[in-house]
$ cat protein-v8.cif   # mmCIF, C-alpha atoms
data_start
loop_
_atom_site.label_atom_id
_atom_site.label_comp_id
_atom_site.auth_asym_id
_atom_site.auth_seq_id
_atom_site.Cartn_x
_atom_site.Cartn_y
_atom_site.Cartn_z
CA MET H 1 29.15 -27.63 18.43
CA LYS H 2 30.91 -27.09 15.10
CA SER H 3 30.16 -23.97 13.10
CA PRO H 4 28.87 -24.30 9.50
CA VAL H 5 32.30 -23.26 8.22
CA HIS H 6 33.99 -26.01 10.24
CA ILE H 7 31.48 -28.56 8.94
CA LEU H 8 32.12 -27.48 5.37
CA ILE H 9 35.90 -27.71 5.78
CA PHE H 10 35.61 -31.11 7.47
CA THR H 11 33.36 -32.44 4.72
CA SER H 12 35.66 -31.11 2.02
CA VAL H 13 38.69 -32.70 3.66
CA LEU H 14 36.97 -36.10 3.74
CA VAL H 15 36.01 -35.84 0.09
CA LEU H 16 39.48 -34.76 -0.96
CA ALA H 17 41.15 -37.42 1.14
CA SER H 18 39.06 -40.15 -0.46
CA SER H 19 40.20 -39.02 -3.90
CA GLN H 20 43.88 -39.52 -2.96
CA GLY H 21 45.08 -36.27 -4.48
CA ALA H 22 43.07 -36.58 -7.67
CA ASP H 23 40.87 -33.80 -9.08
CA LEU H 24 37.31 -33.66 -7.89
CA THR H 25 34.91 -35.68 -9.95
CA PRO H 26 31.64 -34.15 -11.17
CA GLU H 27 29.81 -36.29 -8.63
CA GLN H 28 32.01 -35.02 -5.79
CA ILE H 29 31.55 -31.42 -6.89
CA ALA H 30 27.79 -31.92 -7.01
CA SER H 31 27.88 -33.44 -3.51
CA ILE H 32 29.85 -30.51 -2.09
CA LYS H 33 27.54 -27.98 -3.76
CA ALA H 34 24.54 -29.74 -2.29
CA LYS H 35 26.08 -29.55 1.17
CA ILE H 36 26.95 -25.87 0.67
CA GLU H 37 23.35 -25.16 -0.32
CA ALA H 38 22.11 -26.97 2.78
CA ILE H 39 24.46 -24.91 4.94
CA LYS H 40 23.23 -21.72 3.29
CA THR H 41 19.63 -22.71 4.01
CA ASN H 42 20.51 -23.29 7.66
CA LEU H 43 22.36 -19.98 7.84
CA ASP H 44 19.46 -18.11 6.26
CA GLY H 45 17.06 -19.69 8.73
CA HIS H 46 19.31 -18.82 11.65
CA ARG H 47 19.75 -15.25 10.41
CA SER H 48 16.02 -14.79 9.91
CA SER H 49 15.31 -16.15 13.39
CA ARG H 50 17.94 -13.85 14.89
CA ASN H 51 16.54 -10.82 13.07
CA SER H 52 12.99 -11.65 14.18
CA SER H 53 14.19 -12.06 17.75
CA ALA H 54 15.96 -8.71 17.59
CA GLY H 55 12.90 -7.02 16.12
CA SER H 56 10.70 -8.42 18.88
CA ALA H 57 13.12 -7.22 21.56
CA PHE H 58 13.28 -3.75 20.01
CA ALA H 59 9.49 -3.52 19.68
CA ALA H 60 8.91 -4.50 23.31
CA ALA H 61 11.46 -2.00 24.62
CA ALA H 62 10.20 0.81 22.37
CA VAL H 63 6.91 1.13 24.29
CA ASP H 64 8.35 1.12 27.81
CA PRO H 65 11.09 3.54 28.96
CA ARG H 66 12.25 1.16 31.69
CA ALA H 67 12.50 -1.70 29.22
CA ALA H 68 14.37 0.57 26.82
CA ALA H 69 16.89 1.49 29.52
CA GLU H 70 17.33 -2.14 30.52
CA LEU H 71 17.91 -3.26 26.94
CA TYR H 72 20.37 -0.40 26.46
CA LEU H 73 22.37 -1.47 29.52
CA ASN H 74 22.37 -5.12 28.44
CA CYS H 75 23.58 -4.20 24.97
CA ILE H 76 26.31 -1.90 26.28
CA LYS H 77 27.49 -4.69 28.57
CA ALA H 78 27.51 -7.25 25.74
CA VAL H 79 29.31 -5.10 23.17
CA ASN H 80 31.64 -2.90 25.21
CA PHE H 81 32.47 -5.19 28.10
CA ASP H 82 31.72 -8.90 27.60
CA ARG H 83 33.03 -9.13 24.03
CA GLU H 84 36.14 -7.21 24.98
CA GLY H 85 36.79 -9.50 27.94
CA ARG H 86 36.51 -6.70 30.49
CA PRO H 87 35.61 -7.66 34.07
CA GLU H 88 32.12 -7.29 35.55
CA SER H 89 33.49 -4.67 37.95
CA ASP H 90 34.28 -2.37 35.01
CA PHE H 91 30.70 -2.55 33.80
CA ARG H 92 29.31 -1.89 37.28
CA ALA H 93 31.57 1.14 37.64
CA TRP H 94 30.41 2.47 34.26
CA LYS H 95 26.75 1.79 35.09
CA ASP H 96 27.04 3.66 38.40
CA GLY H 97 28.04 6.73 36.45
CA GLN H 98 24.94 6.55 34.21
CA THR H 99 22.26 6.97 36.90
CA ASP H 100 21.25 10.53 36.02
CA ARG H 101 21.33 9.85 32.30
CA LEU H 102 19.11 6.79 32.59
CA ARG H 103 16.55 8.87 34.48
CA ASP H 104 16.58 11.69 31.93
CA PRO H 105 13.23 11.73 30.05
CA LYS H 106 14.93 13.17 26.94
CA PHE H 107 17.45 10.35 26.81
CA LEU H 108 14.78 7.70 27.37
CA ALA H 109 12.51 9.22 24.71
CA SER H 110 15.41 9.18 22.26
CA LEU H 111 16.09 5.53 23.07
CA GLN H 112 12.46 4.58 22.52
CA MET H 113 12.26 6.37 19.19
CA GLN H 114 15.52 4.76 18.10
CA LEU H 115 14.17 1.33 19.04
CA GLN H 116 10.89 1.99 17.26
CA TYR H 117 12.76 2.78 14.06
CA LEU H 118 15.05 -0.21 14.56
CA THR H 119 11.96 -2.41 14.69
CA LEU H 120 10.81 -1.03 11.35
CA SER H 121 14.32 -1.36 9.95
CA CYS H 122 14.46 -5.06 10.85
CA GLN H 123 11.04 -5.66 9.33
CA ALA H 124 12.04 -3.84 6.15
CA ALA H 125 15.29 -5.79 5.88
CA GLU H 126 13.40 -9.07 6.18
CA SER H 127 10.58 -8.11 3.81
CA LYS H 128 10.95 -8.33 0.04
CA GLU H 129 8.29 -5.65 -0.47
CA ILE H 130 8.34 -2.28 1.26
CA GLU H 131 4.53 -2.41 1.33
CA ALA H 132 4.79 -4.62 4.42
CA VAL H 133 6.09 -1.70 6.51
CA PHE H 134 4.73 1.23 4.52
CA ALA H 135 1.78 2.09 6.80
CA PRO H 136 3.73 1.94 10.10
CA LEU H 137 6.57 3.87 8.47
CA MET H 138 4.15 6.66 7.54
CA SER H 139 2.86 6.70 11.12
CA PHE H 140 6.42 6.89 12.46
CA VAL H 141 7.25 9.83 10.19
CA ASP H 142 4.15 11.68 11.34
CA SER H 143 5.14 11.11 14.97
CA LEU H 144 8.50 12.74 14.26
CA SER H 145 6.76 15.98 13.41
CA HIS H 146 5.18 16.08 16.88
CA LEU H 147 8.38 15.82 18.89
CA GLU H 148 8.20 16.96 22.48
CA GLU H 149 11.95 16.89 23.06
CA THR H 150 14.90 18.29 21.12
CA PRO H 151 16.31 15.50 18.89
CA ALA H 152 19.54 14.16 20.36
CA GLY H 153 21.52 10.99 20.81
CA GLY H 154 20.52 7.86 18.95
CA VAL H 155 17.72 9.38 16.85
CA THR H 156 20.25 11.62 15.07
CA GLU H 157 22.59 8.72 14.27
CA SER H 158 22.45 5.67 12.01
CA VAL H 159 20.63 2.72 13.57
CA ALA H 160 23.18 0.46 11.86
CA GLU H 161 25.86 1.92 14.12
CA SER H 162 23.81 1.65 17.30
CA VAL H 163 24.80 -0.59 20.17
CA PHE H 164 21.48 -2.42 19.66
CA ALA H 165 22.37 -3.39 16.09
CA LYS H 166 25.87 -4.41 17.12
CA THR H 167 24.54 -6.63 19.91
CA TYR H 168 22.44 -8.63 17.45
CA TYR H 169 25.03 -8.45 14.63
CA LEU H 170 22.66 -6.41 12.48
CA ASP H 171 25.05 -3.58 11.62
CA LYS H 172 25.94 -4.93 8.17
CA LEU H 173 22.36 -5.89 7.36
CA LEU H 174 21.00 -2.47 8.27
CA SER H 175 23.74 -0.48 6.52
CA LYS H 176 23.59 -2.09 3.07
CA SER H 177 20.12 -1.07 1.89
CA GLU H 178 19.97 1.88 -0.53
CA ASN H 179 16.19 2.00 -0.14
CA TRP H 180 16.12 2.63 3.59
CA GLU H 181 17.16 5.70 5.57
CA PRO H 182 19.33 4.67 8.55
CA ILE H 183 18.84 7.85 10.65
CA PRO H 184 15.48 7.88 12.49
CA ILE H 185 15.04 11.65 12.64
CA ASN H 186 15.79 12.18 8.94
CA ILE H 187 12.29 12.71 7.53
CA SER H 188 13.77 13.87 4.24
CA GLY H 189 15.80 10.69 3.82
CA ILE H 190 12.84 8.47 4.70
CA TYR H 191 10.73 10.11 2.01
CA GLU H 192 13.48 10.20 -0.62
CA LYS H 193 14.73 6.63 -0.15
CA THR H 194 11.55 4.75 0.69
CA ILE H 195 8.18 6.50 0.59
CA LEU H 196 8.36 8.46 -2.67
CA PRO H 197 10.08 5.73 -4.75
CA TYR H 198 7.42 3.26 -3.62
CA LEU H 199 4.57 5.60 -4.55
CA ARG H 200 6.10 6.54 -7.91
CA GLU H 201 6.19 2.87 -8.88
CA HIS H 202 3.04 1.53 -7.26
CA LYS H 203 0.67 4.39 -6.37
CA PRO H 204 1.42 7.55 -8.36
CA GLU H 205 -2.08 8.82 -7.62
CA ALA H 206 -1.00 9.18 -3.97
CA LEU H 207 2.20 11.10 -4.73
CA LEU H 208 0.92 14.65 -4.38
CA ASN H 209 -0.83 13.88 -1.11
CA ALA H 210 2.41 12.37 0.21
CA TRP H 211 4.32 15.48 -0.84
CA ASP H 212 1.77 17.68 0.94
CA LYS H 213 2.15 15.57 4.08
CA ARG H 214 5.94 15.73 3.82
CA ILE H 215 6.01 19.51 3.47
CA GLU H 216 3.56 19.89 6.37
CA GLN H 217 5.54 17.48 8.56
CA GLN H 218 8.95 18.98 7.83
CA THR H 219 7.61 22.50 8.36
CA ARG H 220 6.12 21.45 11.70
CA ILE H 221 9.20 19.61 12.95
CA VAL H 222 11.43 22.60 12.15
CA ALA H 223 9.07 24.91 14.06
CA ASN H 224 8.92 22.45 16.98
CA VAL H 225 12.69 22.03 17.13
CA GLU H 226 13.16 25.81 17.01
CA ASN H 227 10.78 26.21 19.96
CA LEU H 228 12.43 23.38 21.87
CA ARG H 229 15.85 24.91 21.30
CA ASP H 230 14.59 28.23 22.65
CA GLU H 231 13.23 26.44 25.72
CA ASP H 232 16.62 24.80 26.28
CA LEU H 233 18.20 28.27 26.40
CA ARG H 234 15.83 29.70 29.00
CA GLY H 235 17.41 30.56 32.32
CA MET H 236 20.92 30.71 30.87
CA SER H 237 23.24 33.65 31.29
CA LYS H 238 24.15 35.63 28.19
CA ASP H 239 27.51 33.85 27.88
CA GLU H 240 25.91 30.44 28.35
CA GLU H 241 23.22 31.24 25.80
CA ARG H 242 25.80 32.43 23.28
CA ARG H 243 27.84 29.24 23.66
CA ALA H 244 24.69 27.12 23.42
CA ARG H 245 23.57 28.88 20.23
CA ASP H 246 27.05 28.42 18.76
CA ASN H 247 26.79 24.70 19.48
CA GLN H 248 23.35 24.58 17.87
CA GLY H 249 24.68 26.40 14.81
CA ARG H 250 27.56 23.97 14.43
CA GLY H 251 25.20 21.02 14.14
CA GLY H 252 25.70 19.42 10.75
CA GLY H 253 24.01 16.74 8.73
CA VAL H 254 20.39 16.06 9.51
CA MET H 255 20.32 18.59 12.35
CA ARG H 256 21.33 21.35 9.96
CA GLN H 257 18.19 20.56 7.96
CA LEU H 258 16.18 21.35 11.08
CA SER H 259 17.55 24.88 11.22
CA LYS H 260 14.74 27.38 10.64
CA GLU H 261 16.92 29.59 8.45
CA GLU H 262 18.20 26.69 6.34
CA PHE H 263 14.70 25.28 5.96
CA THR H 264 13.10 28.58 4.98
CA THR H 265 15.72 29.67 2.47
CA ARG H 266 16.66 26.37 0.82
CA THR H 267 14.83 23.25 2.01
CA LEU H 268 11.24 24.45 1.62
CA PRO H 269 11.68 25.77 -1.94
CA LYS H 270 13.38 22.48 -2.88
CA LEU H 271 10.46 20.52 -1.42
CA GLN H 272 7.95 22.60 -3.35
CA TRP H 273 9.96 22.13 -6.52
CA GLY H 274 10.25 18.39 -5.94
CA ARG H 275 6.47 18.13 -5.65
CA LEU H 276 6.03 19.91 -8.97
CA LYS H 277 8.56 17.66 -10.69
CA ASP H 278 6.73 14.56 -9.52
CA GLN H 279 3.43 16.07 -10.64
CA PHE H 280 4.92 16.65 -14.09
CA SER H 281 6.63 13.25 -14.40
CA HIS H 282 4.12 10.93 -12.74
CA VAL H 283 0.70 12.56 -12.36
CA ASP H 284 -0.31 15.30 -14.80
CA GLN H 285 2.21 16.68 -17.28
CA PHE H 286 0.06 19.62 -18.38
CA GLU H 287 -0.74 20.95 -14.89
CA GLY H 288 2.77 20.12 -13.72
CA ALA H 289 4.36 22.16 -16.51
CA ARG H 290 2.00 25.07 -15.91
CA ALA H 291 2.79 25.12 -12.18
CA MET H 292 6.54 24.71 -12.73
CA LEU H 293 6.59 27.61 -15.16
CA ALA H 294 4.91 29.86 -12.60
CA PHE H 295 7.26 28.63 -9.87
CA VAL H 296 10.37 29.35 -11.95
CA GLU H 297 9.13 32.85 -12.74
CA ASP H 298 8.43 33.51 -9.04
CA HIS H 299 11.93 32.34 -8.04
CA LEU H 300 14.06 34.05 -10.68
CA THR H 301 15.98 36.03 -8.04
CA HIS H 302 16.15 33.20 -5.51
CA GLU H 303 19.57 31.69 -4.85
CA LEU H 304 18.27 28.43 -6.36
CA GLY H 305 16.52 30.18 -9.25
CA GLU H 306 19.08 29.17 -11.89
CA GLU H 307 18.96 25.57 -10.71
CA PHE H 308 15.16 25.48 -10.97
CA TYR H 309 15.27 27.08 -14.43
CA ALA H 310 17.86 24.58 -15.72
CA GLU H 311 15.92 21.59 -14.42
CA PHE H 312 12.66 22.87 -15.88
CA LEU H 313 14.28 23.45 -19.28
CA GLN H 314 15.74 19.93 -19.25
CA LEU H 315 12.38 18.37 -18.36
CA ILE H 316 10.64 20.20 -21.18
CA ASP H 317 13.40 19.31 -23.66
CA ASP H 318 13.15 15.65 -22.66
CA ALA H 319 9.37 15.75 -23.10
CA GLN H 320 9.50 17.14 -26.65
CA GLY H 321 8.62 14.56 -29.24
CA VAL H 322 7.55 12.09 -26.58
CA GLY H 323 4.24 13.55 -25.48
CA SER H 324 2.27 12.22 -22.55
CA ALA H 325 -0.33 9.56 -22.10
CA ARG H 326 -1.86 11.77 -19.43
CA MET H 327 -2.14 15.30 -20.77
CA PRO H 328 -0.51 17.42 -23.53
CA LEU H 329 1.99 20.12 -22.72
CA PRO H 330 0.57 23.64 -22.28
CA ASN H 331 0.82 26.12 -25.12
CA PRO H 332 3.59 28.70 -24.75
#
$ encode --input "protein-v8.cif" --output "structure tokens"
Amino acid sequence: MKSPVHILIFTSVLVLASSQGADLTPEQIASIKAKIEAIKTNLDGHRSSRNSSAGSAFAAAAVDPRAAAELYLNCIKAVNFDREGRPESDFRAWKDGQTDRLRDPKFLASLQMQLQYLTLSCQAAESKEIEAVFAPLMSFVDSLSHLEETPAGGVTESVAESVFAKTYYLDKLLSKSENWEPIPINISGIYEKTILPYLREHKPEALLNAWDKRIEQQTRIVANVENLRDEDLRGMSKDEERRARDNQGRGGGVMRQLSKEEFTTRTLPKLQWGRLKDQFSHVDQFEGARAMLAFVEDHLTHELGEEFYAEFLQLIDDAQGVGSARMPLPNP
């Protein structure tokens, strides 16, 4: 069966041959464009069907650890063995070495969470409006704050780079959206890229409640991860514990955000400040300014104090002469 590209080339050759070396006529150009548009329609339909099929497979595997493990093995085989032309014996040898890992509840839980977020990612990529996945996305974020295992593996990495996405050729689709966080465990990214922008535009009255939920969830997940990390260290010798803590401390990116020290000293104040800025800009300028002024005064000696002061000054300067349809600025 010829691919769409082959069909297009074949059609173009026929048209050009019939013109005997002459330039394309307007009618011929119109004919080719019509065929190109038809091919695009077919491609879009095929892509949508493939994405839906992938989303269904991810959703089914996300609720069953055995199904998740089976899908993982099938995808590894397809991407790392079949497409590279490696023999079946190589895959069997690799699989034999994965027995303990595939029985590890932590690994399976990570797979299921990754697949759950992949399902949402496919739905979001196919939907023109984020509202279609907003409610399940909020539920997913809340589930993150009740983790029972230390985040590891796929949930700390981009779903676009997962073997699941590569199997279904979704890596480019899932990596191009600026409005979707690719890392499942990154609560902060999910709020910043998707949840808060949606609420600012469509439901500003729900912004402060969302911020309260975010602060509660991120505080809880940091506490949970800290406890889980302590549990992982139990029973270790002093040398083993020291090495393990060093490894934990070297964690960068999203895992660094889950450090209790980093969260307490920097992340939490930034979250509280972000809430106040949204209150000022989208909800109630008067109360927002009053609360921001108090916050800046309380954080004068904080390491981020100068940053908060500068942002507050800029917001007030920008508001001068503009006023607010909601409330007037407070008196000095």
$ resolve_selection --input "protein-v8.cif" --expression "the PyMOL selection byres ((chain H and resi 265-280) around 7)" --output "ChimeraX atom specification"
/H:208,211,215,261-264,281-285,288-289,291-292
$ closest_residue --input "protein-v8.cif" --among "H:Ile29, H:Ala210, H:Val141, H:Ala165" --to "Gly189 (chain H)" --atoms "only C-alpha atoms"
H:Val141
$ residues_around --input "protein-v8.cif" --residues "Gly305 (chain H)" --least-positions-apart "6" --cutoff "10 Å" --atoms "all atoms listed in the file" --output "number ranges by chain"
H: 269, 295-299
$ resolve_selection --input "protein-v8.cif" --expression "the PyMOL selection byres ((chain H and resi 79-91) around 12)" --output "ChimeraX atom specification"
/H:72-78,92-98,161-169
$ atom_distance --input "protein-v8.cif" --atom1 "CA of Ala60 (chain H)" --atom2 "CA of Leu174 (chain H)"
19.4 Å
$ residues_near_point --input "protein-v8.cif" --point "(12.3, 28.6, -18.8)" --cutoff "9 Å" --atoms "all atoms listed in the file" --output "JSON, numbers by chain"
{"H": [293, 296, 297, 308, 309, 310, 312, 313, 316]}
$ residues_around --input "protein-v8.cif" --residues "Ala135 (chain H)" --least-positions-apart "5" --cutoff "10 Å" --atoms "all atoms listed in the file" --output "ChimeraX atom specification"
/H:130,140,195
$ write_last_selection --input "protein-v8.cif" --atoms "C-alpha atoms" --output "CSV table (one decimal), keeping the file's coordinate frame"
chain,number,residue,atom,x,y,z
H,130,ILE,CA,8.3,-2.3,1.3
H,140,PHE,CA,6.4,6.9,12.5
H,195,ILE,CA,8.2,6.5,0.6
$ atom_distance --input "protein-v8.cif" --atom1 "CA of Leu207 (chain H)" --atom2 "CA of Tyr191 (chain H)"
10.9 Å
$ resolve_selection --input "protein-v8.cif" --expression "the PyMOL selection byres ((chain H and resi 149) around 9)" --output "VMD selection string"
chain H and resid 105 to 106 109 to 110 147 to 148 150 to 152 224 to 225 228
$ atom_distance --input "protein-v8.cif" --atom1 "CA of Arg220 (chain H)" --atom2 "CA of Ser188 (chain H)"
13.1 Å
$ closest_residue --input "protein-v8.cif" --among "H:Leu315, H:Leu108, H:Ala69, H:Leu258" --to "Arg229 (chain H)" --atoms "all atoms listed in the file"
H:Leu258
$ closest_residue --input "protein-v8.cif" --among "H:Leu118, H:Leu196, H:Met113, H:Ala30" --to "Ala54 (chain H)" --atoms "only C-alpha atoms"
H:Leu118
$ build_atoms --input "protein-v8.cif" --residues "region 291-313 of chain H" --atoms "N, CA and C atoms" --output "mmCIF file, in the frame of the given file"
data_model
loop_
_atom_site.group_PDB
_atom_site.id
_atom_site.type_symbol
_atom_site.label_atom_id
_atom_site.label_comp_id
_atom_site.auth_asym_id
_atom_site.auth_seq_id
_atom_site.Cartn_x
_atom_site.Cartn_y
_atom_site.Cartn_z
ATOM 1 N N ALA H 291 2.398 24.719 -13.525
ATOM 2 C CA ALA H 291 2.790 25.120 -12.180
ATOM 3 C C ALA H 291 4.295 25.352 -12.075
ATOM 4 N N MET H 292 5.087 24.535 -12.763
ATOM 5 C CA MET H 292 6.540 24.710 -12.730
ATOM 6 C C MET H 292 6.952 26.013 -13.393
ATOM 7 N N LEU H 293 6.283 26.356 -14.485
ATOM 8 C CA LEU H 293 6.590 27.610 -15.160
ATOM 9 C C LEU H 293 6.349 28.797 -14.233
ATOM 10 N N ALA H 294 5.222 28.778 -13.542
ATOM 11 C CA ALA H 294 4.910 29.860 -12.600
ATOM 12 C C ALA H 294 5.920 29.896 -11.450
ATOM 13 N N PHE H 295 6.312 28.718 -10.975
ATOM 14 C CA PHE H 295 7.260 28.630 -9.870
ATOM 15 C C PHE H 295 8.619 29.207 -10.275
ATOM 16 N N VAL H 296 9.084 28.844 -11.465
ATOM 17 C CA VAL H 296 10.370 29.350 -11.950
ATOM 18 C C VAL H 296 10.339 30.869 -12.074
ATOM 19 N N GLU H 297 9.255 31.404 -12.606
ATOM 20 C CA GLU H 297 9.130 32.850 -12.740
ATOM 21 C C GLU H 297 9.139 33.548 -11.386
ATOM 22 N N ASP H 298 8.495 32.921 -10.385
ATOM 23 C CA ASP H 298 8.430 33.510 -9.040
ATOM 24 C C ASP H 298 9.774 33.442 -8.315
ATOM 25 N N HIS H 299 10.661 32.550 -8.758
ATOM 26 C CA HIS H 299 11.930 32.340 -8.040
ATOM 27 C C HIS H 299 13.145 32.737 -8.874
ATOM 28 N N LEU H 300 12.951 33.643 -9.822
ATOM 29 C CA LEU H 300 14.060 34.050 -10.680
ATOM 30 C C LEU H 300 15.222 34.645 -9.892
ATOM 31 N N THR H 301 14.923 35.386 -8.830
ATOM 32 C CA THR H 301 15.980 36.030 -8.040
ATOM 33 C C THR H 301 16.389 35.221 -6.823
ATOM 34 N N HIS H 302 15.785 34.057 -6.644
ATOM 35 C CA HIS H 302 16.150 33.200 -5.510
ATOM 36 C C HIS H 302 17.524 32.591 -5.759
ATOM 37 N N GLU H 303 18.236 32.256 -4.682
ATOM 38 C CA GLU H 303 19.570 31.690 -4.850
ATOM 39 C C GLU H 303 19.554 30.357 -5.599
ATOM 40 N N LEU H 304 18.400 29.681 -5.615
ATOM 41 C CA LEU H 304 18.270 28.430 -6.360
ATOM 42 C C LEU H 304 17.550 28.629 -7.691
ATOM 43 N N GLY H 305 17.291 29.895 -8.047
ATOM 44 C CA GLY H 305 16.520 30.180 -9.250
ATOM 45 C C GLY H 305 17.123 29.591 -10.511
ATOM 46 N N GLU H 306 18.422 29.704 -10.688
ATOM 47 C CA GLU H 306 19.080 29.170 -11.890
ATOM 48 C C GLU H 306 18.969 27.645 -11.934
ATOM 49 N N GLU H 307 19.082 27.027 -10.778
ATOM 50 C CA GLU H 307 18.960 25.570 -10.710
ATOM 51 C C GLU H 307 17.550 25.121 -11.112
ATOM 52 N N PHE H 308 16.532 25.817 -10.595
ATOM 53 C CA PHE H 308 15.160 25.480 -10.970
ATOM 54 C C PHE H 308 14.929 25.677 -12.471
ATOM 55 N N TYR H 309 15.433 26.785 -13.010
ATOM 56 C CA TYR H 309 15.270 27.080 -14.430
ATOM 57 C C TYR H 309 15.909 25.980 -15.287
ATOM 58 N N ALA H 310 17.142 25.593 -14.944
ATOM 59 C CA ALA H 310 17.860 24.580 -15.720
ATOM 60 C C ALA H 310 17.133 23.230 -15.689
ATOM 61 N N GLU H 311 16.630 22.862 -14.528
ATOM 62 C CA GLU H 311 15.920 21.590 -14.420
ATOM 63 C C GLU H 311 14.620 21.622 -15.211
ATOM 64 N N PHE H 312 13.911 22.736 -15.141
ATOM 65 C CA PHE H 312 12.660 22.870 -15.880
ATOM 66 C C PHE H 312 12.914 22.781 -17.390
ATOM 67 N N LEU H 313 13.936 23.482 -17.859
ATOM 68 C CA LEU H 313 14.280 23.450 -19.280
ATOM 69 C C LEU H 313 14.613 22.035 -19.727
#
